[in-house]
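K.L.:
coords.cif is the file, holding mmCIF, C-alpha atoms and all ligand atoms:
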data_work
#
loop_
_atom_site.label_atom_id
_atom_site.label_comp_id
_atom_site.auth_asym_id
_atom_site.auth_seq_id
_atom_site.Cartn_x
_atom_site.Cartn_y
_atom_site.Cartn_z
CA MET A 1 0.00 0.00 0.00
CA ALA A 2 1.29 3.43 -0.87
CA TYR A 3 2.61 5.50 1.99
CA THR A 4 0.19 8.06 3.47
CA VAL A 5 0.69 10.72 6.10
CA PHE A 6 -1.54 10.51 9.16
CA LYS A 7 -2.09 12.95 11.90
CA LEU A 8 0.01 12.14 15.00
CA THR A 9 -1.62 10.98 18.18
CA ASP A 10 1.33 9.74 20.19
CA TYR A 11 4.06 12.31 20.79
CA SER A 12 6.38 10.06 22.78
CA GLU A 13 9.97 9.81 21.65
CA THR A 14 9.63 6.22 20.39
CA ALA A 15 6.46 6.97 18.50
CA LEU A 16 8.07 10.00 16.79
CA GLU A 17 11.15 7.95 16.00
CA ASN A 18 8.98 5.25 14.41
CA VAL A 19 6.84 7.48 12.20
CA ALA A 20 9.93 9.36 10.99
CA ALA A 21 11.78 6.13 10.18
CA GLU A 22 8.72 4.70 8.44
CA CYS A 23 8.42 7.78 6.27
CA VAL A 24 12.11 7.74 5.24
CA ARG A 25 11.91 3.99 4.53
CA ALA A 26 8.88 4.51 2.29
CA CYS A 27 10.64 7.27 0.42
CA ARG A 28 13.72 5.10 -0.11
CA ASP A 29 11.58 2.19 -1.40
CA GLU A 30 9.75 4.40 -3.85
CA ALA A 31 13.02 5.91 -5.06
CA GLY A 32 14.36 2.44 -5.68
CA ALA A 33 11.42 1.71 -7.98
CA VAL A 34 12.05 4.70 -10.28
CA ARG A 35 12.98 3.44 -13.77
CA ASN A 36 12.71 6.41 -16.12
CA ASP A 37 12.34 10.20 -16.33
CA ALA A 38 8.54 10.09 -16.12
CA GLU A 39 8.62 7.97 -12.95
CA LEU A 40 11.26 10.25 -11.49
CA LYS A 41 9.00 13.25 -12.05
CA THR A 42 6.03 11.50 -10.42
CA PHE A 43 8.24 10.55 -7.49
CA ARG A 44 9.56 14.09 -7.10
CA ASP A 45 6.09 15.67 -7.24
CA ARG A 46 4.68 13.17 -4.76
CA TRP A 47 7.37 13.87 -2.19
CA ILE A 48 8.40 17.49 -2.58
CA GLY A 49 5.53 18.96 -4.60
CA ARG A 50 4.75 22.35 -3.11
CA LYS A 51 1.01 22.07 -2.89
CA ASN A 52 0.38 18.60 -1.63
CA GLY A 53 3.73 16.84 -1.50
CA ILE A 54 4.41 14.47 1.39
CA LEU A 55 6.89 16.92 2.94
CA THR A 56 4.23 19.62 2.92
CA GLN A 57 1.70 17.23 4.42
CA ILE A 58 4.15 16.29 7.16
CA ASN A 59 4.64 19.95 7.90
CA ASP A 60 0.88 20.47 8.25
CA LEU A 61 -0.25 17.22 9.84
CA TRP A 62 2.72 16.64 12.14
CA LEU A 63 4.26 19.99 12.98
CA LYS A 64 1.46 22.56 12.70
CA ALA A 65 -1.00 20.26 14.42
CA ALA A 66 1.35 19.35 17.26
CA PRO A 67 0.57 20.60 20.79
CA LYS A 68 2.85 23.41 21.97
CA ASP A 69 5.02 21.35 24.28
CA ALA A 70 5.72 18.72 21.57
CA LYS A 71 6.53 21.24 18.78
CA ARG A 72 10.26 21.31 19.41
CA GLU A 73 10.73 17.57 19.22
CA VAL A 74 8.36 17.18 16.25
CA GLY A 75 10.19 20.04 14.46
CA ARG A 76 13.49 18.24 14.89
CA ARG A 77 12.02 15.00 13.43
CA VAL A 78 10.41 16.82 10.51
CA ASN A 79 13.72 18.49 9.62
CA ASP A 80 15.41 15.15 9.83
CA VAL A 81 12.89 13.56 7.47
CA LYS A 82 13.23 16.51 5.04
CA ALA A 83 17.00 16.20 4.91
CA ASN A 84 16.73 12.46 4.28
CA VAL A 85 14.08 12.83 1.58
CA GLU A 86 16.14 15.49 -0.21
CA ASP A 87 19.16 13.26 -0.07
CA ILE A 88 17.24 10.29 -1.45
CA LEU A 89 15.77 12.43 -4.22
CA GLN A 90 19.22 13.73 -5.16
CA LYS A 91 20.54 10.19 -5.42
CA ALA A 92 17.54 9.08 -7.45
CA GLU A 93 18.17 11.97 -9.87
CA ASP A 94 21.85 11.04 -10.14
CA ILE A 95 21.02 7.42 -10.85
CA GLN A 96 18.47 8.35 -13.48
CA LEU A 97 20.97 10.75 -15.13
CA GLU A 98 23.57 8.00 -15.22
CA ARG A 99 21.02 5.66 -16.71
CA ALA A 100 20.04 8.21 -19.35
CA THR A 101 23.57 9.26 -20.35
CA GLY A 102 25.40 6.01 -19.79
CA THR A 103 28.23 7.76 -17.94
CA PRO A 104 28.93 7.54 -14.24
CA LEU A 105 28.37 10.81 -12.45
CA VAL A 106 30.75 12.30 -9.93
CA ARG A 107 28.97 15.01 -8.03
CA GLU A 108 31.16 17.54 -6.35
CA ARG A 109 30.40 18.14 -2.74
CA VAL A 110 32.24 20.51 -0.46
CA ASP A 111 33.51 18.78 2.63
CA ILE A 112 34.73 21.59 4.83
CA SER A 113 36.30 19.14 7.24
CA LEU A 114 38.89 18.02 4.66
CA PRO A 115 42.40 19.47 5.07
CA GLY A 116 43.28 22.24 2.58
CA VAL A 117 45.38 21.64 -0.52
CA HIS A 118 49.02 21.66 0.51
CA ARG A 119 51.17 23.36 -2.11
CA PRO A 120 54.88 23.12 -1.39
CA ILE A 121 56.49 26.56 -1.79
CA GLY A 122 59.59 25.17 -3.53
CA ALA A 123 63.10 26.45 -3.08
CA GLU A 124 65.70 28.54 -4.84
CA HIS A 125 67.84 26.49 -7.20
CA PRO A 126 71.36 26.10 -5.72
CA VAL A 127 72.96 27.89 -8.69
CA ILE A 128 70.54 30.82 -8.42
CA LYS A 129 71.03 30.90 -4.67
CA THR A 130 74.80 31.02 -5.04
CA THR A 131 74.50 33.70 -7.71
CA ASN A 132 72.22 35.83 -5.55
CA GLU A 133 74.55 35.54 -2.56
CA MET A 134 77.56 36.57 -4.64
CA VAL A 135 75.67 39.44 -6.28
CA ARG A 136 74.63 40.62 -2.81
CA VAL A 137 78.27 40.82 -1.71
CA PHE A 138 78.98 43.27 -4.55
CA GLN A 139 75.74 45.18 -4.07
CA LYS A 140 76.89 45.92 -0.54
CA LEU A 141 79.99 47.51 -2.08
CA GLY A 142 77.78 49.79 -4.18
CA TYR A 143 77.65 47.74 -7.38
CA SER A 144 74.43 47.59 -9.36
CA VAL A 145 73.12 44.67 -11.40
CA ALA A 146 73.16 44.74 -15.21
CA ASP A 147 72.15 42.19 -17.80
CA GLY A 148 72.11 41.62 -21.53
CA PRO A 149 70.94 39.19 -24.22
CA VAL A 150 71.96 35.54 -24.37
CA VAL A 151 71.75 35.57 -28.18
CA GLU A 152 74.52 38.03 -28.93
CA THR A 153 76.28 39.48 -31.96
CA ASP A 154 79.85 38.71 -32.91
CA TYR A 155 80.59 42.38 -32.26
CA TYR A 156 79.72 42.33 -28.54
CA ASN A 157 80.90 38.81 -27.79
CA PHE A 158 84.24 39.20 -29.57
CA GLU A 159 85.15 42.26 -31.60
CA ALA A 160 84.52 44.99 -29.04
CA LEU A 161 86.23 42.83 -26.43
CA ASN A 162 89.43 43.04 -28.47
CA PHE A 163 89.17 39.64 -30.15
CA PRO A 164 90.02 40.70 -33.75
CA PRO A 165 88.27 38.73 -36.54
CA ASN A 166 90.02 35.40 -37.11
CA HIS A 167 92.21 35.86 -34.04
CA PRO A 168 93.11 32.48 -32.47
CA ALA A 169 91.92 33.69 -29.04
CA ARG A 170 88.38 33.11 -30.36
CA ASP A 171 89.12 29.39 -30.54
CA THR A 172 89.29 29.16 -26.75
CA GLN A 173 85.57 29.99 -26.51
CA ASP A 174 84.00 26.92 -28.23
CA THR A 175 81.26 29.10 -29.63
CA LEU A 176 77.80 27.90 -30.64
CA PHE A 177 76.83 29.94 -33.70
CA ILE A 178 73.27 30.60 -34.86
CA ALA A 179 72.74 29.01 -38.29
CA GLY A 180 72.15 30.95 -41.50
CA GLN A 181 74.09 34.11 -40.62
CA GLN A 182 76.66 33.94 -43.43
CA GLY A 183 74.87 36.60 -45.49
CA LYS A 184 75.51 39.23 -42.79
CA PRO A 185 78.70 41.19 -42.14
CA GLN A 186 80.72 39.28 -39.51
CA ARG A 187 80.11 41.70 -36.65
CA GLU A 188 76.32 41.33 -36.99
CA ARG A 189 76.25 37.54 -37.02
CA LEU A 190 74.40 35.98 -34.10
CA LEU A 191 75.77 33.45 -31.64
CA LEU A 192 75.07 32.25 -28.11
CA ARG A 193 77.21 34.41 -25.86
CA THR A 194 80.16 32.45 -24.50
CA HIS A 195 80.63 34.74 -21.53
CA THR A 196 78.87 37.62 -19.75
CA SER A 197 81.62 40.06 -20.83
CA PRO A 198 79.58 41.49 -23.78
CA VAL A 199 77.42 43.19 -21.15
CA GLN A 200 80.52 45.22 -20.17
CA ILE A 201 80.38 46.89 -23.59
CA ARG A 202 76.59 47.16 -23.70
CA THR A 203 76.56 48.87 -20.29
CA MET A 204 79.41 51.24 -21.11
CA GLU A 205 77.50 52.28 -24.26
CA LYS A 206 74.55 53.26 -22.05
CA MET A 207 76.16 54.59 -18.87
CA ARG A 208 78.95 57.09 -18.60
CA PRO A 209 81.77 56.50 -16.10
CA PRO A 210 82.14 56.00 -13.20
CA ILE A 211 80.40 52.60 -13.18
CA ARG A 212 80.39 49.60 -10.91
CA ILE A 213 78.27 46.69 -12.10
CA VAL A 214 77.78 42.96 -11.58
CA ILE A 215 76.33 40.88 -14.38
CA PRO A 216 74.86 37.47 -13.57
CA GLY A 217 73.70 35.40 -16.53
CA THR A 218 73.52 32.29 -18.67
CA VAL A 219 76.26 31.49 -21.19
CA HIS A 220 76.79 28.64 -23.69
CA ARG A 221 79.79 26.76 -25.00
CA ASN A 222 80.11 23.74 -27.25
CA ASP A 223 81.22 21.41 -24.44
CA PRO A 224 79.71 17.94 -24.19
CA PRO A 225 78.00 17.49 -20.82
CA ASP A 226 79.91 15.60 -18.12
CA ALA A 227 80.46 15.85 -14.36
CA SER A 228 82.20 19.23 -14.68
CA HIS A 229 81.01 20.60 -18.06
CA SER A 230 77.72 21.70 -19.50
CA PRO A 231 76.87 23.43 -22.80
CA MET A 232 74.86 25.90 -20.69
CA PHE A 233 76.22 27.38 -17.50
CA HIS A 234 76.18 30.57 -15.44
CA GLN A 235 78.65 33.38 -14.95
CA ILE A 236 78.90 36.38 -12.69
CA GLU A 237 80.82 39.24 -14.25
CA GLY A 238 82.04 42.43 -12.61
CA LEU A 239 83.21 45.75 -13.99
CA ALA A 240 84.44 48.89 -12.25
CA VAL A 241 85.52 51.94 -14.26
CA ASP A 242 86.59 55.28 -12.82
CA THR A 243 89.63 57.53 -12.77
CA ASN A 244 92.72 56.05 -11.11
CA ILE A 245 91.49 52.50 -10.65
CA THR A 246 94.51 50.29 -10.08
CA PHE A 247 95.34 46.61 -9.83
CA GLY A 248 95.45 47.20 -6.07
CA ASP A 249 91.74 48.06 -6.18
CA LEU A 250 91.08 44.87 -8.11
CA LYS A 251 92.92 42.75 -5.55
CA GLY A 252 91.41 44.49 -2.54
CA THR A 253 87.87 44.27 -3.88
CA LEU A 254 88.08 40.60 -4.82
CA ASP A 255 89.89 39.62 -1.63
CA HIS A 256 87.15 41.31 0.40
CA ALA A 257 84.39 39.70 -1.68
CA MET A 258 85.87 36.20 -1.27
CA LYS A 259 86.14 36.64 2.51
CA GLU A 260 82.53 37.79 2.61
CA PHE A 261 81.37 34.86 0.52
CA PHE A 262 83.51 31.94 1.73
CA GLY A 263 84.40 33.13 5.22
CA SER A 264 87.00 35.48 6.64
CA SER A 265 89.75 32.89 6.86
CA VAL A 266 90.14 32.34 3.10
CA LYS A 267 93.18 33.81 1.36
CA THR A 268 93.41 34.88 -2.27
CA SER A 269 96.23 34.39 -4.75
CA PHE A 270 96.59 36.01 -8.18
CA ARG A 271 98.51 34.30 -10.99
CA PRO A 272 99.28 35.78 -14.42
CA SER A 273 96.93 34.81 -17.24
CA PHE A 274 95.63 36.08 -20.56
CA PHE A 275 92.33 37.48 -21.77
CA PRO A 276 92.13 39.70 -24.87
CA PHE A 277 90.02 42.31 -23.04
CA THR A 278 92.14 42.72 -19.91
CA GLU A 279 95.79 43.69 -19.54
CA PRO A 280 97.38 42.60 -17.31
CA SER A 281 95.18 39.54 -16.70
CA ALA A 282 95.12 37.09 -13.83
CA GLU A 283 93.46 34.01 -12.49
CA MET A 284 92.42 34.30 -8.89
CA PHE A 285 92.57 31.35 -6.52
CA VAL A 286 91.16 31.08 -3.01
CA SER A 287 92.73 28.91 -0.35
CA CYS A 288 90.75 25.68 -0.27
CA PHE A 289 87.81 26.24 2.07
CA ILE A 290 87.27 22.51 2.28
CA CYS A 291 90.69 21.43 3.62
CA GLY A 292 91.70 24.85 4.93
CA GLY A 293 94.59 24.99 2.45
CA SER A 294 96.41 21.92 3.72
CA GLY A 295 95.59 19.76 0.67
CA LYS A 296 94.58 16.94 3.01
CA ARG A 297 91.42 15.79 4.72
CA GLY A 298 92.70 13.80 7.62
CA ALA A 299 94.86 11.13 6.04
CA ASP A 300 93.09 11.43 2.66
CA PRO A 301 93.99 13.76 -0.19
CA CYS A 302 91.61 16.75 -0.62
CA ARG A 303 89.86 16.20 -3.95
CA PRO A 304 88.24 19.59 -4.67
CA CYS A 305 91.64 21.37 -4.63
CA LYS A 306 93.53 18.37 -6.04
CA GLN A 307 95.78 18.50 -2.97
CA THR A 308 97.12 21.93 -3.94
CA GLY A 309 95.34 23.82 -1.16
CA TRP A 310 94.04 26.32 -3.77
CA ILE A 311 90.88 26.51 -5.86
CA GLU A 312 90.63 28.58 -9.04
CA ILE A 313 87.61 30.85 -8.81
CA LEU A 314 87.77 33.48 -11.52
CA GLY A 315 89.52 35.32 -14.33
CA CYS A 316 90.20 39.01 -14.00
CA GLY A 317 92.35 41.92 -15.04
CA MET A 318 92.59 45.60 -15.83
CA VAL A 319 90.31 46.65 -18.69
CA ASP A 320 92.44 46.75 -21.85
CA PRO A 321 92.63 50.30 -23.29
CA ASN A 322 91.65 48.80 -26.67
CA VAL A 323 88.25 47.95 -25.14
CA PHE A 324 87.70 51.53 -24.01
CA GLU A 325 88.40 52.63 -27.61
CA PHE A 326 85.09 51.00 -28.65
CA VAL A 327 83.11 53.13 -26.16
CA LYS A 328 85.37 56.18 -26.17
CA ASP A 329 82.57 58.48 -27.35
CA ASN A 330 80.55 57.78 -24.21
CA GLY A 331 83.21 59.17 -21.88
CA TYR A 332 85.62 56.24 -21.76
CA ASP A 333 88.81 57.93 -22.94
CA PRO A 334 91.53 55.34 -22.28
CA LYS A 335 93.88 58.16 -21.30
CA LYS A 336 91.50 59.34 -18.58
CA VAL A 337 89.74 56.29 -17.19
CA SER A 338 90.87 52.89 -16.00
CA GLY A 339 89.04 49.91 -14.64
CA PHE A 340 89.05 46.28 -13.71
CA ALA A 341 86.86 43.35 -14.66
CA PHE A 342 86.36 39.83 -13.44
CA GLY A 343 84.26 36.82 -14.36
CA MET A 344 83.48 33.64 -12.45
CA GLY A 345 81.49 30.46 -12.98
CA ALA A 346 78.52 30.33 -10.63
CA ASP A 347 77.86 26.62 -11.18
CA ARG A 348 81.38 25.59 -10.19
CA ILE A 349 81.20 27.69 -7.04
CA ALA A 350 77.82 26.11 -6.18
CA LEU A 351 79.30 22.62 -6.73
CA LEU A 352 82.12 23.36 -4.31
CA LYS A 353 79.94 25.12 -1.81
CA TYR A 354 77.36 22.31 -1.55
CA GLY A 355 79.80 19.43 -2.06
CA VAL A 356 77.95 18.20 -5.18
CA ASP A 357 80.09 15.93 -7.35
CA ASP A 358 78.19 16.05 -10.65
CA LEU A 359 77.34 19.29 -12.45
CA GLN A 360 74.58 17.54 -14.42
CA LEU A 361 72.50 17.20 -11.24
CA PHE A 362 71.94 20.95 -11.35
CA PHE A 363 70.25 20.77 -14.75
CA GLN A 364 68.33 17.49 -14.78
CA GLY A 365 65.45 18.84 -12.73
CA ASP A 366 65.23 15.78 -10.48
CA VAL A 367 63.00 16.93 -7.63
CA ARG A 368 64.64 14.46 -5.21
CA PHE A 369 67.95 16.27 -5.73
CA LEU A 370 66.54 19.79 -5.67
CA GLN A 371 64.41 19.17 -2.57
CA GLN A 372 67.58 18.87 -0.52
CA PHE A 373 68.10 22.62 -0.95
CA GLY A 374 64.59 23.56 0.21
N1 LIG B 401 84.97 36.31 -19.75
C1 LIG B 401 86.07 35.51 -19.23
C2 LIG B 401 85.74 34.04 -19.44
O1 LIG B 401 84.61 33.70 -19.64
C3 LIG B 401 86.31 35.78 -17.76
C4 LIG B 401 86.79 37.18 -17.50
C5 LIG B 401 85.90 38.20 -17.28
C6 LIG B 401 88.15 37.47 -17.48
C7 LIG B 401 86.33 39.49 -17.02
C8 LIG B 401 88.60 38.73 -17.24
C9 LIG B 401 87.67 39.74 -16.99
O2 LIG B 401 86.62 33.20 -19.40
#
Take the structure in the file and write it out as structure tokens.
Ligand code: PHE
P.N.:
Amino acid sequence: MAYTVFKLTDYSETALENVAAECVRACRDEAGAVRNDAELKTFRDRWIGRKNGILTQINDLWLKAAPKDAKREVGRRVNDVKANVEDILQKAEDIQLERATGTPLVRERVDISLPGVHRPIGAEHPVIKTTNEMVRVFQKLGYSVADGPVVETDYYNFEALNFPPNHPARDTQDTLFIAGQQGKPQRERLLLRTHTSPVQIRTMEKMRPPIRIVIPGTVHRNDPPDASHSPMFHQIEGLAVDTNITFGDLKGTLDHAMKEFFGSSVKTSFRPSFFPFTEPSAEMFVSCFICGGSGKRGADPCRPCKQTGWIEILGCGMVDPNVFEFVKDNGYDPKKVSGFAFGMGADRIALLKYGVDDLQLFFQGDVRFLQQFG
């Protein structure tokens, strides 16, 4: 027999419990019998129809008719039944929709008790971190940060840095050239910059002396990747130009910077070298901050400094007057100004600093490796 709503006579807790349960059970049974859209509509109208739906009847016959002192309890039961009926109806609609469309339905519900989505904030890449720390050391000395393009012209990468066309010094740079540039005059041909030094020229073209800049950036060379080489790596360049800048300023500045970066106990050592754009040129070493300069770790040989007690960190020198000739018109008269420049490999410094033994780990993007720096 179809379910019908009767007026209540017994307002005891058990009686209320029973009528409520009976009603919900009836609703569930009827929902289970729904087979198509038409039956679903009949079911919906019968239970939640505004005018004479069962929920409305319950409201009238149970709640409105209840004596004052039973109203509270009856109200609670009625709300309970309503919530159940709505839930059953919702499910019946879902099932019918699935039946009609043939695809399972996933209904989104907000469960406010679930924990929020945890998004890890990530970490600075060790090379970027090292770069930023080094740049900061020079910023504290009053240097500002400059940058320039990675795809560079022959003019900025070589010619204006005093590498004449066809000069053998170009061979040391293992340059990656952009294809299809042969139709252009040599100085306009594009290549991937092999060092950050072109930004020295670009900055001097824009800013008159005195200048003090650091230039962090990506560079490329045709080196096959291995534990200590990569066709893409990072440099940090420095340039100071003013009147009366001497090699003493170069040494003092770099010695201070190394003590700031590696710790006050490191020593620096300068050994003669050659770069076309500096004269004189030097390579700067720092005393090995791993073995303290002894070349030994306990009884074992110190590997990072190859037992020498010294680690090569950068190339440097006094800006060659020939370089100033290229930017002479912007106030860089080689007879009036002098300057120093330096360039270091950020990746190598990061390797040493974090005791990483394979450069490739920096560029493979393996989260397990990178997470260790978070
Ligand atoms: N650009 C040089 C290199 O990549 C390093 C350097 C920079 C040397 C500035 C002297 C002055 O090897």
K.L.:
Taking all atoms listed in the file into account, which residues are within 7 Å of ligand LIG 401 (chain B), as a list in words?
P.N.:
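The neighbouring residues of ligand LIG 401 (chain B) are, in order, Thr194, His195, Thr196, Ser197, Glu237, Gly238, Phe275, Phe277, Thr278, Ser281, Leu314, Gly315, Cys316, Gly317, Ala341, Phe342, Gly343 and Met344 of chain A.
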K.L.:
Compare A:Ser273, A:Thr153, A:Asn162, A:Gln96 by their minimum atom-to-atom distance to Gly32 of chain A, counting only C-alpha atoms, and give me the closest one.
P.N.:
A:Gln96
K.L.:
Excluding Ala179 of chain A and residues on its chain fewer than 2 positions from it, collect all residues at most 9 Å away from it, counting all atoms listed in the file, and give them as a ChimeraX atom specification.
P.N.:
/A:177,181-182,190-191
K.L.:
Set the distance at 12 Å and use only C-alpha atoms: which residues neighbour Val356 of chain A once local chain neighbours fewer than 2 positions away are removed? I'd like the list as a PyMOL selection string.
P.N.:
chain A and resi 126-127+227-228+304+347-354+358-362+369-370+372-373
K.L.:
Can you work out the spacing between atom CA of Glu188 of chain A and atom CA of Met232 of chain A in Å, to one decimal?
P.N.:
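About the pair atom CA of Glu188 of chain A and atom CA of Met232 of chain A: they are 22.5 Å apart.
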